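Novice: Structure supplied as target_6.txt; contents: compact mmCIF, C-alpha atoms.
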# COMPACT_ATOMS: atom_id res chain seq x y z
CA MET A 15 0.00 0.00 0.00
CA LYS A 16 2.74 2.43 0.87
CA ASN A 17 4.23 1.92 -2.61
CA LYS A 18 0.98 3.14 -4.18
CA LEU A 19 0.99 6.48 -2.40
CA ILE A 20 3.62 8.87 -3.68
CA ILE A 21 2.05 12.13 -2.48
CA GLY A 22 4.47 13.81 -0.09
CA ARG A 23 7.45 11.79 -1.32
CA TYR A 24 10.57 13.28 -2.86
CA LEU A 25 12.80 11.75 -5.53
CA PRO A 26 16.31 13.20 -5.11
CA THR A 27 17.39 12.89 -8.74
CA GLN A 28 19.26 15.36 -10.93
CA SER A 29 16.97 17.00 -13.47
CA VAL A 30 16.08 20.40 -14.88
CA VAL A 31 12.86 20.50 -12.86
CA HIS A 32 14.65 19.60 -9.62
CA HIS A 33 17.02 22.54 -10.00
CA LEU A 34 14.25 25.11 -10.45
CA ASP A 35 13.45 27.50 -7.61
CA PRO A 36 10.59 26.02 -5.54
CA ARG A 37 8.81 29.39 -5.70
CA ALA A 38 8.82 29.20 -9.50
CA LYS A 39 7.39 25.68 -9.36
CA LEU A 40 4.66 26.72 -6.94
CA ILE A 41 3.66 29.68 -9.10
CA PHE A 42 3.77 27.60 -12.28
CA VAL A 43 1.65 24.78 -10.82
CA PHE A 44 -0.86 27.28 -9.37
CA PHE A 45 -1.51 28.96 -12.73
CA PHE A 46 -1.32 25.64 -14.59
CA ILE A 47 -4.17 24.34 -12.42
CA ILE A 48 -6.14 27.50 -13.24
CA LEU A 49 -5.63 26.74 -16.95
CA ILE A 50 -6.92 23.22 -16.37
CA PHE A 51 -10.25 24.65 -15.22
CA PHE A 52 -10.60 26.44 -18.58
CA CYS A 53 -10.47 23.12 -20.44
CA HIS A 54 -13.78 22.02 -21.87
CA SER A 55 -12.90 19.91 -24.89
CA PHE A 56 -10.89 16.79 -25.58
CA GLY A 57 -8.38 18.83 -27.58
CA THR A 58 -7.55 21.12 -24.64
CA TYR A 59 -7.19 18.18 -22.26
CA ALA A 60 -4.94 16.41 -24.76
CA TRP A 61 -2.74 19.53 -25.05
CA LEU A 62 -2.23 19.78 -21.29
CA PHE A 63 -1.69 16.03 -20.98
CA VAL A 64 1.12 16.23 -23.56
CA LEU A 65 2.67 19.07 -21.55
CA ILE A 66 2.54 17.00 -18.37
CA LEU A 67 4.27 14.13 -20.17
CA ILE A 68 7.00 16.58 -21.24
CA PHE A 69 7.37 17.84 -17.64
CA MET A 70 7.52 14.24 -16.45
CA LYS A 71 10.30 13.47 -18.94
CA LEU A 72 12.25 16.58 -17.92
CA ALA A 73 11.88 15.60 -14.26
CA LYS A 74 13.11 12.04 -15.02
CA ILE A 75 10.03 10.48 -13.42
CA PRO A 76 8.90 7.10 -14.81
CA PHE A 77 5.37 7.19 -16.22
CA GLY A 78 4.30 4.09 -14.29
CA PHE A 79 5.58 5.57 -11.06
CA LEU A 80 3.64 8.78 -11.66
CA MET A 81 0.44 6.85 -12.43
CA LYS A 82 0.68 5.28 -8.96
CA GLY A 83 -0.24 8.71 -7.63
CA LEU A 84 -3.70 8.25 -9.16
CA THR A 85 -4.38 5.03 -7.23
CA PRO A 86 -5.57 6.73 -3.99
CA ILE A 87 -8.14 8.81 -5.91
CA PHE A 88 -9.35 5.97 -8.15
CA PHE A 89 -12.59 5.40 -6.23
CA PHE A 90 -13.16 9.14 -5.95
CA LEU A 91 -12.86 9.43 -9.75
CA ILE A 92 -15.41 6.65 -10.23
CA PHE A 93 -17.77 8.26 -7.71
CA THR A 94 -17.48 11.66 -9.41
CA PHE A 95 -18.07 10.13 -12.84
CA ILE A 96 -21.18 8.27 -11.65
CA MET A 97 -22.59 11.40 -9.97
CA HIS A 98 -22.29 13.38 -13.21
CA ILE A 99 -23.89 10.58 -15.21
CA LEU A 100 -26.88 10.45 -12.87
CA PHE A 101 -27.44 14.14 -12.15
CA THR A 102 -26.23 16.04 -15.24
CA SER A 103 -28.98 16.49 -17.79
CA GLY A 104 -28.93 17.55 -21.42
CA GLY A 105 -28.23 16.03 -24.78
CA GLU A 106 -29.47 12.73 -26.12
CA VAL A 107 -31.18 10.28 -23.75
CA LEU A 108 -29.09 7.11 -23.74
CA LEU A 109 -30.84 5.16 -21.00
CA HIS A 110 -34.06 5.58 -19.07
CA PHE A 111 -34.93 3.07 -16.38
CA GLY A 112 -37.42 4.12 -13.71
CA PHE A 113 -36.11 7.28 -12.01
CA ILE A 114 -32.63 6.84 -13.55
CA THR A 115 -31.97 8.78 -16.74
CA ILE A 116 -28.57 8.83 -18.41
CA GLU A 117 -28.00 11.50 -21.03
CA SER A 118 -25.04 12.21 -23.30
CA ASN A 119 -24.09 15.48 -21.57
CA GLY A 120 -23.78 13.65 -18.26
CA ILE A 121 -21.25 11.19 -19.70
CA ILE A 122 -19.25 13.95 -21.40
CA GLU A 123 -19.17 16.14 -18.27
CA GLY A 124 -18.20 13.13 -16.16
CA ILE A 125 -15.27 12.42 -18.48
CA TYR A 126 -14.22 16.09 -18.44
CA ILE A 127 -14.28 16.33 -14.64
CA SER A 128 -12.40 13.05 -14.27
CA LEU A 129 -9.72 14.21 -16.71
CA ARG A 130 -9.49 17.51 -14.84
CA LEU A 131 -8.86 15.75 -11.53
CA ILE A 132 -6.29 13.44 -13.11
CA LEU A 133 -4.34 16.37 -14.59
CA ILE A 134 -4.40 18.26 -11.28
CA VAL A 135 -3.10 15.25 -9.35
CA MET A 136 -0.41 14.56 -11.95
CA ILE A 137 1.00 18.10 -12.03
CA ALA A 138 0.86 18.39 -8.22
CA THR A 139 2.59 15.01 -7.88
CA ILE A 140 5.38 16.09 -10.24
CA MET A 141 5.92 19.15 -8.05
CA THR A 142 6.11 17.17 -4.80
CA LEU A 143 8.37 14.52 -6.33
CA THR A 144 10.83 17.16 -7.54
CA THR A 145 10.73 19.46 -4.50
CA SER A 146 11.78 18.51 -0.99
CA PRO A 147 9.32 19.32 1.82
CA ILE A 148 11.79 21.83 3.30
CA ASP A 149 12.13 23.72 0.00
CA LEU A 150 8.37 23.61 -0.51
CA THR A 151 7.80 25.05 2.96
CA ASP A 152 10.37 27.80 2.42
CA ALA A 153 8.81 28.71 -0.93
CA PHE A 154 5.32 28.84 0.60
CA GLU A 155 6.52 31.07 3.42
CA ARG A 156 8.41 33.44 1.11
CA LEU A 157 5.57 33.79 -1.36
CA PHE A 158 2.97 34.53 1.30
CA ALA A 159 5.25 36.66 3.49
CA PRO A 160 3.33 39.89 2.58
CA LEU A 161 0.27 38.44 4.34
CA LYS A 162 2.09 38.84 7.66
CA VAL A 163 1.14 42.51 7.48
CA VAL A 164 -2.52 41.56 7.98
CA LYS A 165 -1.60 39.16 10.84
CA VAL A 166 -1.87 35.94 8.83
CA PRO A 167 0.27 33.25 10.57
CA VAL A 168 2.28 32.39 7.45
CA HIS A 169 5.13 30.70 9.32
CA GLN A 170 2.78 28.53 11.36
CA LEU A 171 0.87 27.49 8.22
CA SER A 172 4.16 26.65 6.47
CA MET A 173 5.27 24.55 9.44
CA MET A 174 1.95 22.70 9.45
CA MET A 175 2.25 21.99 5.73
CA SER A 176 5.81 20.70 6.13
CA ILE A 177 4.88 18.41 9.01
CA SER A 178 1.83 17.11 7.11
CA LEU A 179 3.90 16.24 4.03
CA ARG A 180 6.46 14.45 6.18
CA PHE A 181 3.79 12.52 8.08
CA ILE A 182 2.07 11.07 5.00
CA PRO A 183 4.79 8.49 4.13
CA THR A 184 5.37 7.80 7.84
CA LEU A 185 1.71 7.04 8.47
CA MET A 186 1.52 4.86 5.37
CA ASP A 187 4.51 2.85 6.64
CA GLU A 188 2.75 2.51 9.99
CA LEU A 189 -0.44 1.36 8.27
CA GLU A 190 1.55 -1.24 6.32
CA LYS A 191 2.95 -2.63 9.57
CA ILE A 192 -0.53 -2.79 11.14
CA ILE A 193 -1.92 -4.61 8.07
CA LEU A 194 0.89 -7.19 8.21
CA ALA A 195 0.29 -7.65 11.93
CA GLN A 196 -3.44 -8.21 11.35
CA LYS A 197 -2.76 -10.66 8.51
CA SER A 198 -0.38 -12.64 10.73
CA ARG A 199 -3.30 -13.04 13.16
CA GLY A 200 -5.52 -14.46 10.41
CA SER A 201 -7.44 -11.31 9.48
CA GLU A 202 -8.68 -11.20 5.86
CA ILE A 203 -8.24 -7.66 4.53
CA SER A 204 -7.57 -8.00 0.81
CA SER A 205 -10.26 -10.58 0.03
CA GLY A 206 -14.03 -10.74 0.11
CA SER A 207 -16.70 -8.29 -1.03
CA LEU A 208 -16.36 -4.50 -0.95
CA MET A 209 -18.35 -4.19 2.32
CA THR A 210 -16.25 -6.96 3.88
CA ARG A 211 -13.05 -5.10 3.03
CA ILE A 212 -14.44 -1.84 4.41
CA LYS A 213 -15.38 -3.54 7.67
CA ALA A 214 -11.93 -5.15 7.83
CA PHE A 215 -10.28 -1.73 7.55
CA ILE A 216 -12.18 -0.27 10.52
CA PRO A 217 -10.04 -2.11 13.13
CA LEU A 218 -6.95 -0.75 11.36
CA MET A 219 -7.98 2.87 11.84
CA ILE A 220 -7.97 2.78 15.65
CA PRO A 221 -4.28 1.80 16.10
CA LEU A 222 -3.36 4.10 13.20
CA PHE A 223 -5.00 7.12 14.85
CA ILE A 224 -3.40 6.22 18.19
CA SER A 225 0.01 6.01 16.51
CA ALA A 226 -0.57 9.34 14.75
CA PHE A 227 -1.47 11.11 18.01
CA GLN A 228 1.55 9.57 19.74
CA ARG A 229 3.89 10.76 17.00
CA ALA A 230 2.34 14.22 17.08
CA GLU A 231 2.79 14.40 20.86
CA GLU A 232 6.41 13.22 20.62
CA LEU A 233 7.10 15.83 17.94
CA ALA A 234 5.52 18.59 20.04
CA ILE A 235 7.58 17.59 23.09
CA ALA A 236 10.79 17.45 21.02
CA MET A 237 10.14 20.92 19.59
CA GLU A 238 9.37 22.31 23.03
CA VAL A 239 12.51 20.76 24.58
CA ARG A 240 14.63 22.37 21.87
CA GLY A 241 13.15 25.75 22.70
CA TYR A 242 11.08 26.21 19.56
CA ASP A 243 9.01 29.39 19.68
CA MET A 244 6.66 30.06 16.77
CA ASN A 245 6.46 33.77 17.61
CA VAL A 246 10.20 34.36 17.18
CA LYS A 247 11.44 35.56 13.79
CA ARG A 248 13.44 32.75 12.22
CA THR A 249 16.12 32.64 9.55
CA SER A 250 16.88 29.98 6.93
CA TYR A 251 20.11 28.07 6.54
CA ARG A 252 19.65 27.75 2.78
CA LEU A 253 18.59 30.87 0.89
CA LEU A 254 16.44 30.57 -2.21
CA GLN A 255 17.92 32.15 -5.33
CA TRP A 256 15.75 33.20 -8.24
CA LYS A 257 17.54 32.67 -11.57
CA LEU A 258 16.87 33.33 -15.24
CA LYS A 259 15.60 29.78 -15.82
CA ASP A 260 12.92 30.37 -13.18
CA THR A 261 11.72 33.49 -15.00
CA ILE A 262 11.66 31.56 -18.28
CA THR A 263 9.60 28.82 -16.60
CA ILE A 264 6.96 31.33 -15.49
CA THR A 265 6.83 33.03 -18.91
CA LEU A 266 6.12 29.64 -20.52
CA LEU A 267 2.63 29.91 -19.06
CA LEU A 268 1.79 32.62 -21.62
CA PRO A 269 2.24 30.56 -24.82
CA ILE A 270 0.72 27.53 -23.08
CA GLY A 271 -2.40 29.55 -22.20
CA ILE A 272 -2.62 31.16 -25.66
CA LEU A 273 -2.48 27.80 -27.44
CA LEU A 274 -5.01 26.38 -24.96
CA PHE A 275 -7.56 29.08 -25.78
CA ILE A 276 -6.87 28.73 -29.53
CA ILE A 277 -7.68 25.02 -29.30
CA LYS A 278 -10.70 25.72 -27.11
CA PHE A 279 -12.34 28.29 -29.37
CA SER A 280 -11.44 26.47 -32.57
CA GLY A 281 -13.78 23.70 -31.48
CA VAL A 282 -11.17 20.93 -31.39
Now that the file is in, can you turn its structure into structure tokens?

Specialist:
Amino acid sequence: MKNKLIIGRYLPTQSVVHHLDPRAKLIFVFFFIILIFFCHSFGTYAWLFVLILIFMKLAKIPFGFLMKGLTPIFFFLIFTFIMHILFTSGGEVLLHFGFITIESNGIIEGIYISLRLILIVMIATIMTLTTSPIDLTDAFERLFAPLKVVKVPVHQLSMMMSISLRFIPTLMDELEKIILAQKSRGSEISSGSLMTRIKAFIPLMIPLFISAFQRAEELAIAMEVRGYDMNVKRTSYRLLQWKLKDTITITLLLPIGILLFIIKFSGV
């Protein structure tokens, strides 16, 4: 299970994307996700999917490894697709059975929304795989530093984000150990019907939550012992340096957006 979840993990390889400033990557991903929401045709989704494949190649991330990031949201994608099929009306009626009516617009919108979620997860996963949690936290804090003027706790939010990203792989490792322990006691988790599997996972959640609270308490005590004070102004050991390649990365959003809207309004 832990091998299927790559959110929050970092691949320390040498690539062009790895060497970009984390602030540039955050800005690029933010506006790229905005462009995804303007997609409403198969041509626009295909254009952005090709771009993501190019980013994946530049980041030296295997395609199969990246697709593992979609595994945790697989059931959510199916649920979203079914909801659009059942509740989105318009177009040609494809099936009518009792109170259930499936129309062509519902299927098309369900496909569009599913593709949108897949693209968002893929681009966000590329960013987390190519950016260490520390760099990501520093970039978040630097970008939102002006909000400190209006008393927004930017540093505290950055610290929470960093701890959350670090805890995801740790908790998945803990869950893997609990599953192995339950299987050694004869518990059937990966077999049976869907409801049987859901019921089998309920006993796993209790020790997982207990372990999570224990780790959180240990982390809080360790930070307190070391004299950590969130109200004190802190400095960074490694300073972020914005370079020409980061500016070029941001400016790439302009031709990407222009071509996206050309494809959209051309009816492709």

Novice: I want to know what sits within 9 Å of A:Lys278, based on only C-alpha atoms, with residues of the same chain fewer than 3 positions away left out; could you give that as a ChimeraX atom specification?

Specialist: /A:52-55,57-58,273-275,281-282

Novice: Which residues are near A:Lys259? Cut-off 10 Å, all atoms listed in the file, ignore same chain within fewer than 4 positions. Put them as an MDAnalysis selection string.

Specialist: chainID A and resid 30 33:35 38 263:265

Novice: Hey, can you check how far atom CA of A:Phe95 sits from atom CA of A:Met186?

Specialist: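 Between these atoms lies a distance of 27.3 Å.
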
Novice: Using only C-alpha atoms, which of A:Ile193, A:Ile116, A:Leu108, A:Ile148 sits nearest A:Leu179?

Specialist: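 Looking only at the distances to A:Leu179, the closest residue turns out to be A:Ile148.
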
Novice: Suppose you want the space between atom CA of A:Phe181 and atom CA of A:Ile50; what is it in Å?

Specialist: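 It comes out at 28.8 Å.
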
Novice: So how many Å separate atom CA of A:Pro167 and atom CA of A:Phe154, to one decimal?

Specialist: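 Those two atoms sit 12.0 Å apart.
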
Novice: Mind dumping a table of every stretch 81-172 of chain A residue within 12 Å of stretch 65-70 of chain A, with the nearest atom pair and its distance in Å to one decimal, using all atoms listed in the file, sorted by chain and rising number, as JSON lines?

Specialist:
{"residue": "A:Met81", "atom": "CA", "partner": "A:Met70", "partner_atom": "CA", "distance": 11.0}
{"residue": "A:Ile132", "atom": "CA", "partner": "A:Ile66", "partner_atom": "CA", "distance": 10.9}
{"residue": "A:Leu133", "atom": "CA", "partner": "A:Ile66", "partner_atom": "CA", "distance": 7.9}
{"residue": "A:Ile134", "atom": "CA", "partner": "A:Ile66", "partner_atom": "CA", "distance": 10.0}
{"residue": "A:Val135", "atom": "CA", "partner": "A:Ile66", "partner_atom": "CA", "distance": 10.8}
{"residue": "A:Met136", "atom": "CA", "partner": "A:Ile66", "partner_atom": "CA", "distance": 7.5}
{"residue": "A:Ile137", "atom": "CA", "partner": "A:Ile66", "partner_atom": "CA", "distance": 6.6}
{"residue": "A:Ala138", "atom": "CA", "partner": "A:Ile66", "partner_atom": "CA", "distance": 10.4}
{"residue": "A:Thr139", "atom": "CA", "partner": "A:Met70", "partner_atom": "CA", "distance": 9.9}
{"residue": "A:Ile140", "atom": "CA", "partner": "A:Met70", "partner_atom": "CA", "distance": 6.8}
{"residue": "A:Met141", "atom": "CA", "partner": "A:Phe69", "partner_atom": "CA", "distance": 9.8}
{"residue": "A:Leu143", "atom": "CA", "partner": "A:Met70", "partner_atom": "CA", "distance": 10.2}
{"residue": "A:Thr144", "atom": "CA", "partner": "A:Met70", "partner_atom": "CA", "distance": 9.9}

Novice: Set the distance at 9 Å and use only C-alpha atoms: which residues neighbour stretch 119-121 of chain A once local chain neighbours fewer than 6 positions away are removed? I'd like the list as a list in words.

Specialist: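 That gives Phe95, Ile96, Met97, His98, Ile99, Leu100, Phe101, Thr102, Ser103, Gly104, Gly105 and Glu106 of chain A.
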
Novice: Which residue gives the smallest distance to A:Arg252 among A:Ile114, A:Ile177, A:Asp149, A:Leu194, with all atoms listed in the file counted?

Specialist: A:Asp149

Novice: So, with only C-alpha atoms as the atoms that count, which of A:Thr142, A:Ser118, A:Pro86, A:Ser280 lies closest to A:Ala73?

Specialist: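 Using only C-alpha atoms, A:Ala73 sits closest to A:Thr142.
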
Novice: Dig up all the protein and nucleic acid residues within 12 Å of (5.1, 29.0, -0.6) in the file frame, using only C-alpha atoms, and format them as an MDAnalysis selection string.

Specialist: chainID A and resid 35:44 145 147:161 168:169 171:173 175:176 254

Novice: Using all atoms listed in the file, which residue out of A:Ala60, A:Val31, A:Ile75, A:Leu131 lies closest to A:Thr94?

Specialist: A:Leu131

Novice: Show which residues sit within 12 Å of A:Asp243, as a VMD selection string. Count all atoms listed in the file, and ignore same-chain residues fewer than 4 positions away.

Specialist: chain A and resid 169 to 170 173 234 237 to 239 247 to 248

Novice: So, with only C-alpha atoms as the atoms that count, which of A:Tyr24, A:Phe215, A:Phe56, A:Phe279 lies closest to A:Glu123?

Specialist: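 Closest candidate: A:Phe56.
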